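*Asks:* Before we start, here is the structure in question, set down as structure tokens.
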Amino acid sequence: MNSWQLLRGAGRSLARNKARSFLTTLGITVGIAAVIATQGLGEAARVKVREAFNAMGTNLLLLRSGAAQAGGMRGGFGSLPTITFDDLSAIRELPTVRKVAPRPEVKMQIRSAEANWSTDLGGVTPEFFEVRYWSIVSGRNITQSDVDGGTKVTVLAQIVSNQLFGPGVDPVGQQVRIGNVPFTVVGLLAEKGSAPQGGSFDDNAYIPLTTYYAKIQGGLNQFVNGTVFVSAVSPEEAGRAESQIRALLRDRHHLPEGVDDDFQVRNTVEAAQAQEEGARTMATLMASLAAVSLLIAGIGVMNIMLVSVTERTREIGLRMAVGARPRDVLAQFLLEAITLSLVGGVLGVLLGLVSSARLTAWLGWPSILQPDGILLAVAVSAVVGIVFGLYPAWRASTLDPIDALRFES
């Protein structure tokens, strides 16, 4: 028998039991769809984690002062001033460091002529926006001349601007009052989205660092309060930059061996990699569970093909009696199993892509199409047909023609 005859015969055999063929195919469809959907969700989760940490700034280290202790009670990091501006100057000289940007911050009420809004107000230098890769969509950014002159200017993030002036309104040139001090809005920041730890990057306002200390919150002389953002020269150098900063500050603060650091350095590159690895692990676990359903579907294919062999024993005997070879019979039943699996695989890929797109859209995640995963899913469905269809096909091909013709179902 040629290939076309085998294929036509397999199609006719499957069409005789449409409901059974459909239900068998459905198992493969659900298994493949689950694998495709979990792969898409896993990759989307990894991309979302990467985007969230990139919004903070790439190659980023967060430096904060130590923890205060009084009467057995300890405050959090940043509650004890230990880092000086001279420390920051020394950190800038490290070969693994690209930029250093201090940012003290306080919750403040900002008022426009029409509205008011409570937000996080930060005192910054121009390096802060370079470290955070945060661009301006209207107006200008805070400049070094603003810092040197202590000017009363501010740049607003999107949420603050929308609350004070309304959505879509350009706030540049408008006057606001921060506390009781008038400020001019000179820039509107691009939208950045949600922070990995919760909240939004877009609910902030920024003023020059010197203005912050002079008009909002008094400084600590040579000490730096708040968080210091340090950008490493590359992601690969972030770990080495962290070690060099720790060694430098311990030496400058004269901390003997065995004494805890009086500061904290947090490597967001490592945190991003850890969360991305966690998302990958979860996706792998979900795909493994989906693969179990595919295995069960394969067993279903084997079961149905064995039933088919039993039901068609006389047919098999008749075919052999008129000249069909055992390999023709084997090919016939194997092709039926592969057809069931491939049809289920193709339908599963389509269902998986639709499910993945719907779920990622519902979660607000990017939809990721993985061609390699699709090809692999189709190949797996074919392998399932071969593996689980081989035994029933072999059993059919080894039937004795005389015994098969005598068989009564």
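Here's how to read the names in the structure tokens: chain A, B, ... by the order shown, residue numbers from 1 in each chain, ligand numbers from 1 in the order shown.
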Within segment 128-280 of chain A, find each residue whose DSSP state, derived from the backbone, is strand (DSSP E), and express the selection as a ChimeraX atom specification.
*Replies:* /A:136-139,153-156,175-178,181-189,204-208,227-232,263-267
*Asks:* For segment 129-144 of chain A, find every residue with an atom within 7 Å (counting only C-alpha atoms), except residues of its own chain fewer than 2 positions away, and show them as number ranges by chain.
*Replies:* A: 56-57, 99, 125-127, 146-148, 155, 172, 186-190, 208, 231
*Asks:* Those same residues - N, CA and C atoms - I'd like them written as a PDB file, in the first residue's frame.
*Replies:*
ATOM      1  N   MET A  56      13.293  50.867  37.574  1.00  0.00           N
ATOM      2  CA  MET A  56      14.030  51.448  38.697  1.00  0.00           C
ATOM      3  C   MET A  56      15.344  52.051  38.219  1.00  0.00           C
ATOM      4  N   GLY A  57      15.904  51.477  37.171  1.00  0.00           N
ATOM      5  CA  GLY A  57      17.217  51.875  36.686  1.00  0.00           C
ATOM      6  C   GLY A  57      18.051  50.628  36.469  1.00  0.00           C
ATOM      7  N   LYS A  99      27.541  56.241  38.016  1.00  0.00           N
ATOM      8  CA  LYS A  99      26.932  57.456  38.551  1.00  0.00           C
ATOM      9  C   LYS A  99      26.509  57.225  40.004  1.00  0.00           C
ATOM     10  N   THR A 125      19.761  65.427  42.261  1.00  0.00           N
ATOM     11  CA  THR A 125      20.705  66.063  41.348  1.00  0.00           C
ATOM     12  C   THR A 125      20.409  65.541  39.948  1.00  0.00           C
ATOM     13  N   PRO A 126      20.978  66.143  38.896  1.00  0.00           N
ATOM     14  CA  PRO A 126      20.691  65.654  37.534  1.00  0.00           C
ATOM     15  C   PRO A 126      21.060  64.186  37.333  1.00  0.00           C
ATOM     16  N   GLU A 127      22.063  63.683  38.087  1.00  0.00           N
ATOM     17  CA  GLU A 127      22.478  62.292  37.934  1.00  0.00           C
ATOM     18  C   GLU A 127      21.350  61.310  38.272  1.00  0.00           C
ATOM     19  N   ASP A 146      20.485  74.496  38.668  1.00  0.00           N
ATOM     20  CA  ASP A 146      19.400  74.525  39.656  1.00  0.00           C
ATOM     21  C   ASP A 146      19.917  74.089  41.023  1.00  0.00           C
ATOM     22  N   VAL A 147      20.737  73.043  41.035  1.00  0.00           N
ATOM     23  CA  VAL A 147      21.295  72.541  42.294  1.00  0.00           C
ATOM     24  C   VAL A 147      22.254  73.575  42.886  1.00  0.00           C
ATOM     25  N   ASP A 148      23.131  74.137  42.041  1.00  0.00           N
ATOM     26  CA  ASP A 148      24.103  75.125  42.534  1.00  0.00           C
ATOM     27  C   ASP A 148      23.408  76.374  43.063  1.00  0.00           C
ATOM     28  N   VAL A 155      10.026  69.109  38.955  1.00  0.00           N
ATOM     29  CA  VAL A 155       9.532  68.279  37.857  1.00  0.00           C
ATOM     30  C   VAL A 155       8.544  67.285  38.465  1.00  0.00           C
ATOM     31  N   VAL A 172       3.876  72.386  32.574  1.00  0.00           N
ATOM     32  CA  VAL A 172       5.091  73.208  32.518  1.00  0.00           C
ATOM     33  C   VAL A 172       4.732  74.698  32.536  1.00  0.00           C
ATOM     34  N   VAL A 186       8.858  72.916  35.892  1.00  0.00           N
ATOM     35  CA  VAL A 186       9.686  73.092  34.697  1.00  0.00           C
ATOM     36  C   VAL A 186       9.713  71.852  33.815  1.00  0.00           C
ATOM     37  N   GLY A 187       9.187  70.714  34.309  1.00  0.00           N
ATOM     38  CA  GLY A 187       9.236  69.504  33.496  1.00  0.00           C
ATOM     39  C   GLY A 187       8.208  68.477  33.907  1.00  0.00           C
ATOM     40  N   LEU A 188       7.820  67.642  32.941  1.00  0.00           N
ATOM     41  CA  LEU A 188       6.901  66.523  33.170  1.00  0.00           C
ATOM     42  C   LEU A 188       7.621  65.241  32.776  1.00  0.00           C
ATOM     43  N   LEU A 189       7.707  64.299  33.727  1.00  0.00           N
ATOM     44  CA  LEU A 189       8.429  63.057  33.500  1.00  0.00           C
ATOM     45  C   LEU A 189       7.607  62.055  32.702  1.00  0.00           C
ATOM     46  N   ALA A 190       8.300  61.187  31.945  1.00  0.00           N
ATOM     47  CA  ALA A 190       7.634  60.113  31.209  1.00  0.00           C
ATOM     48  C   ALA A 190       7.042  59.101  32.185  1.00  0.00           C
ATOM     49  N   PRO A 208      15.442  70.383  43.255  1.00  0.00           N
ATOM     50  CA  PRO A 208      16.895  70.315  43.426  1.00  0.00           C
ATOM     51  C   PRO A 208      17.282  69.929  44.856  1.00  0.00           C
ATOM     52  N   SER A 231      24.775  53.583  40.165  1.00  0.00           N
ATOM     53  CA  SER A 231      24.692  52.827  38.920  1.00  0.00           C
ATOM     54  C   SER A 231      26.045  52.217  38.609  1.00  0.00           C
TER      55      SER A 231
END
*Asks:* Tell me, as a list in words, which residues lie within 10 Å of Leu351 of chain A, counting only C-alpha atoms; anything in the same chain fewer than 6 positions away does not count.
*Replies:*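 With the cut-off at 10 Å, the set is Thr29, Val30, Ile32, Ala33, Ala34, Ile36, Ala37, Gly345 and Ala357 of chain A.
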*Asks:* Could you save the residues just selected, with C-alpha atoms, as a short mmCIF file (atom, residue, chain, number, x, y, z; two decimals), in the first residue's frame?
*Replies:*
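Output below, filename again.cif:
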data_model
loop_
_atom_site.label_atom_id
_atom_site.label_comp_id
_atom_site.auth_asym_id
_atom_site.auth_seq_id
_atom_site.Cartn_x
_atom_site.Cartn_y
_atom_site.Cartn_z
CA THR A 29 -5.65 19.39 22.54
CA VAL A 30 -6.04 20.26 26.21
CA ILE A 32 -0.80 20.90 24.32
CA ALA A 33 -2.88 24.04 25.03
CA ALA A 34 -1.88 23.88 28.69
CA ILE A 36 1.64 26.50 25.30
CA ALA A 37 -0.35 28.72 27.70
CA GLY A 345 -1.59 19.16 18.67
CA ALA A 357 -3.14 36.07 24.86
#
*Asks:* Could you please write out, as number ranges by chain, every residue of segment 100-256 of chain A that DSSP assigns to helix (DSSP H, G or I)?
*Replies:* A: 126-131, 144-149, 158-165, 209-216, 235-252
*Asks:* I need the chosen residues saved as a PDB file, in the first residue's frame, with C-alpha atoms.
*Replies:*
ATOM      1  CA  PRO A 126      20.691  65.654  37.534  1.00  0.00           C
ATOM      2  CA  GLU A 127      22.478  62.292  37.934  1.00  0.00           C
ATOM      3  CA  PHE A 128      19.346  60.827  39.542  1.00  0.00           C
ATOM      4  CA  PHE A 129      17.425  60.884  36.250  1.00  0.00           C
ATOM      5  CA  GLU A 130      20.417  59.459  34.384  1.00  0.00           C
ATOM      6  CA  VAL A 131      20.716  56.581  36.860  1.00  0.00           C
ATOM      7  CA  GLN A 144      23.267  71.370  37.835  1.00  0.00           C
ATOM      8  CA  SER A 145      22.700  75.144  37.807  1.00  0.00           C
ATOM      9  CA  ASP A 146      19.400  74.525  39.656  1.00  0.00           C
ATOM     10  CA  VAL A 147      21.295  72.541  42.294  1.00  0.00           C
ATOM     11  CA  ASP A 148      24.103  75.125  42.534  1.00  0.00           C
ATOM     12  CA  GLY A 149      21.648  78.017  42.824  1.00  0.00           C
ATOM     13  CA  GLN A 158       2.479  61.692  35.596  1.00  0.00           C
ATOM     14  CA  ILE A 159       0.106  60.862  38.457  1.00  0.00           C
ATOM     15  CA  VAL A 160       0.950  64.037  40.374  1.00  0.00           C
ATOM     16  CA  SER A 161       0.465  66.173  37.265  1.00  0.00           C
ATOM     17  CA  ASN A 162      -2.886  64.523  36.501  1.00  0.00           C
ATOM     18  CA  GLN A 163      -4.129  65.085  40.050  1.00  0.00           C
ATOM     19  CA  LEU A 164      -3.057  68.720  40.209  1.00  0.00           C
ATOM     20  CA  PHE A 165      -3.875  69.913  36.682  1.00  0.00           C
ATOM     21  CA  LEU A 209      18.786  68.665  46.303  1.00  0.00           C
ATOM     22  CA  THR A 210      20.011  71.953  47.748  1.00  0.00           C
ATOM     23  CA  THR A 211      16.513  73.440  47.634  1.00  0.00           C
ATOM     24  CA  TYR A 212      15.169  70.381  49.420  1.00  0.00           C
ATOM     25  CA  TYR A 213      17.607  70.840  52.312  1.00  0.00           C
ATOM     26  CA  ALA A 214      17.111  74.616  52.461  1.00  0.00           C
ATOM     27  CA  LYS A 215      13.325  74.874  52.070  1.00  0.00           C
ATOM     28  CA  ILE A 216      11.770  71.493  52.897  1.00  0.00           C
ATOM     29  CA  PRO A 235      25.093  44.327  34.999  1.00  0.00           C
ATOM     30  CA  GLU A 236      28.122  42.038  35.143  1.00  0.00           C
ATOM     31  CA  GLU A 237      30.003  44.548  37.290  1.00  0.00           C
ATOM     32  CA  ALA A 238      27.117  45.186  39.730  1.00  0.00           C
ATOM     33  CA  GLY A 239      28.266  42.457  42.119  1.00  0.00           C
ATOM     34  CA  ARG A 240      31.863  43.710  42.095  1.00  0.00           C
ATOM     35  CA  ALA A 241      30.666  47.294  42.592  1.00  0.00           C
ATOM     36  CA  GLU A 242      28.676  46.162  45.630  1.00  0.00           C
ATOM     37  CA  SER A 243      31.781  44.497  47.133  1.00  0.00           C
ATOM     38  CA  GLN A 244      33.980  47.527  46.424  1.00  0.00           C
ATOM     39  CA  ILE A 245      31.461  49.948  47.973  1.00  0.00           C
ATOM     40  CA  ARG A 246      31.160  47.779  51.082  1.00  0.00           C
ATOM     41  CA  ALA A 247      34.939  47.514  51.461  1.00  0.00           C
ATOM     42  CA  LEU A 248      35.412  51.253  50.856  1.00  0.00           C
ATOM     43  CA  LEU A 249      32.784  52.338  53.410  1.00  0.00           C
ATOM     44  CA  ARG A 250      33.978  49.893  56.051  1.00  0.00           C
ATOM     45  CA  ASP A 251      37.480  51.305  55.653  1.00  0.00           C
ATOM     46  CA  ARG A 252      36.300  54.943  55.722  1.00  0.00           C
TER      47      ARG A 252
END
*Asks:* Neighbours of Thr360 of chain A within 9 Å (only C-alpha atoms; same-chain residues fewer than 6 positions away dropped), as a PyMOL selection string?
*Replies:* chain A and resi 40-41+44-45+366-368
*Asks:* For those residues, write C-alpha atoms to a file as an mmCIF file, in the first residue's frame.
*Replies:*
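File part-v3.cif, as written:
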data_model
loop_
_atom_site.group_PDB
_atom_site.id
_atom_site.type_symbol
_atom_site.label_atom_id
_atom_site.label_comp_id
_atom_site.auth_asym_id
_atom_site.auth_seq_id
_atom_site.Cartn_x
_atom_site.Cartn_y
_atom_site.Cartn_z
ATOM 1 C CA GLY A 40 3.523 32.060 27.364
ATOM 2 C CA LEU A 41 2.549 33.079 30.881
ATOM 3 C CA ALA A 44 5.447 37.103 30.097
ATOM 4 C CA ALA A 45 6.057 36.993 33.864
ATOM 5 C CA PRO A 366 2.990 41.521 27.482
ATOM 6 C CA SER A 367 1.922 38.697 25.163
ATOM 7 C CA ILE A 368 4.995 36.672 24.158
#
*Asks:* Can you work out which one of A:Val343, A:Val292, A:Ile83, A:Ile374 has the shortest atom-to-atom distance to Asp261 of chain A, counting only C-alpha atoms?
*Replies:*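 Of A:Val343, A:Val292, A:Ile83, A:Ile374, the one nearest Asp261 of chain A, counting only C-alpha atoms, is A:Ile83.
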*Asks:* Show which residues sit within 10 Å of Leu23 of chain A, as a PyMOL selection string. Count only C-alpha atoms, and ignore same-chain residues fewer than 4 positions away.
*Replies:* chain A and resi 18-19+27-29+297+300-301+304+340+344
*Asks:* Given the selection you just returned, output its residues as a file containing C-alpha atoms, formatted as a PDB file, in the first residue's frame.
*Replies:*
ATOM      1  CA  LYS A  18     -16.365  10.553  15.090  1.00  0.00           C
ATOM      2  CA  ALA A  19     -17.292  11.017  18.760  1.00  0.00           C
ATOM      3  CA  GLY A  27      -7.216  15.113  25.452  1.00  0.00           C
ATOM      4  CA  ILE A  28      -4.199  15.940  23.285  1.00  0.00           C
ATOM      5  CA  THR A  29      -5.649  19.386  22.541  1.00  0.00           C
ATOM      6  CA  ALA A 297      -3.942  12.001  26.932  1.00  0.00           C
ATOM      7  CA  GLY A 300      -5.969   7.621  26.230  1.00  0.00           C
ATOM      8  CA  VAL A 301      -4.738   7.355  22.635  1.00  0.00           C
ATOM      9  CA  ILE A 304      -8.612   3.830  22.149  1.00  0.00           C
ATOM     10  CA  LEU A 340      -5.221  11.850  16.153  1.00  0.00           C
ATOM     11  CA  GLY A 344      -5.008  17.488  18.654  1.00  0.00           C
TER      12      GLY A 344
END
*Asks:* Here is a test: counting only C-alpha atoms, which residue of A:Trp117, A:Phe333, A:Phe223, A:Tyr206 is nearest to Ala393 of chain A?
*Replies:*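 Going through A:Trp117, A:Phe333, A:Phe223, A:Tyr206 one by one, the smallest distance to Ala393 of chain A is for A:Phe333.
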*Asks:* So, counting only C-alpha atoms, which residue among A:Met305, A:Leu61, A:Leu318, A:Ile299 is closest to Asp400 of chain A?
*Replies:*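 Nearest candidate to Asp400 of chain A out of A:Met305, A:Leu61, A:Leu318, A:Ile299: A:Leu318.
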*Asks:* Could you tell me which of A:Ala115, A:Ala396, A:Val181, A:Ile207 comes closest to Leu156 of chain A if we count only C-alpha atoms?
*Replies:*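 Residue with the minimum atom-to-atom distance to Leu156 of chain A: A:Ile207.
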*Asks:* What separation in Å, quoted to one decimal, exists between atom CA of Trp365 of chain A and atom CA of Ala291 of chain A?
*Replies:*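 Between atom CA of Trp365 of chain A and atom CA of Ala291 of chain A the gap works out to 23.9 Å.
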*Asks:* Residues at most 7 Å from Phe388 of chain A, counting only C-alpha atoms, excluding those fewer than 3 positions away in the same chain, as an NGL selection string?
*Replies:* :A and (298-299 or 301-302 or 384-385 or 391)
*Asks:* Which distance in Å separates atom CA of Glu93 of chain A and atom CA of Glu105 of chain A, to one decimal?
*Replies:* 25.4 Å
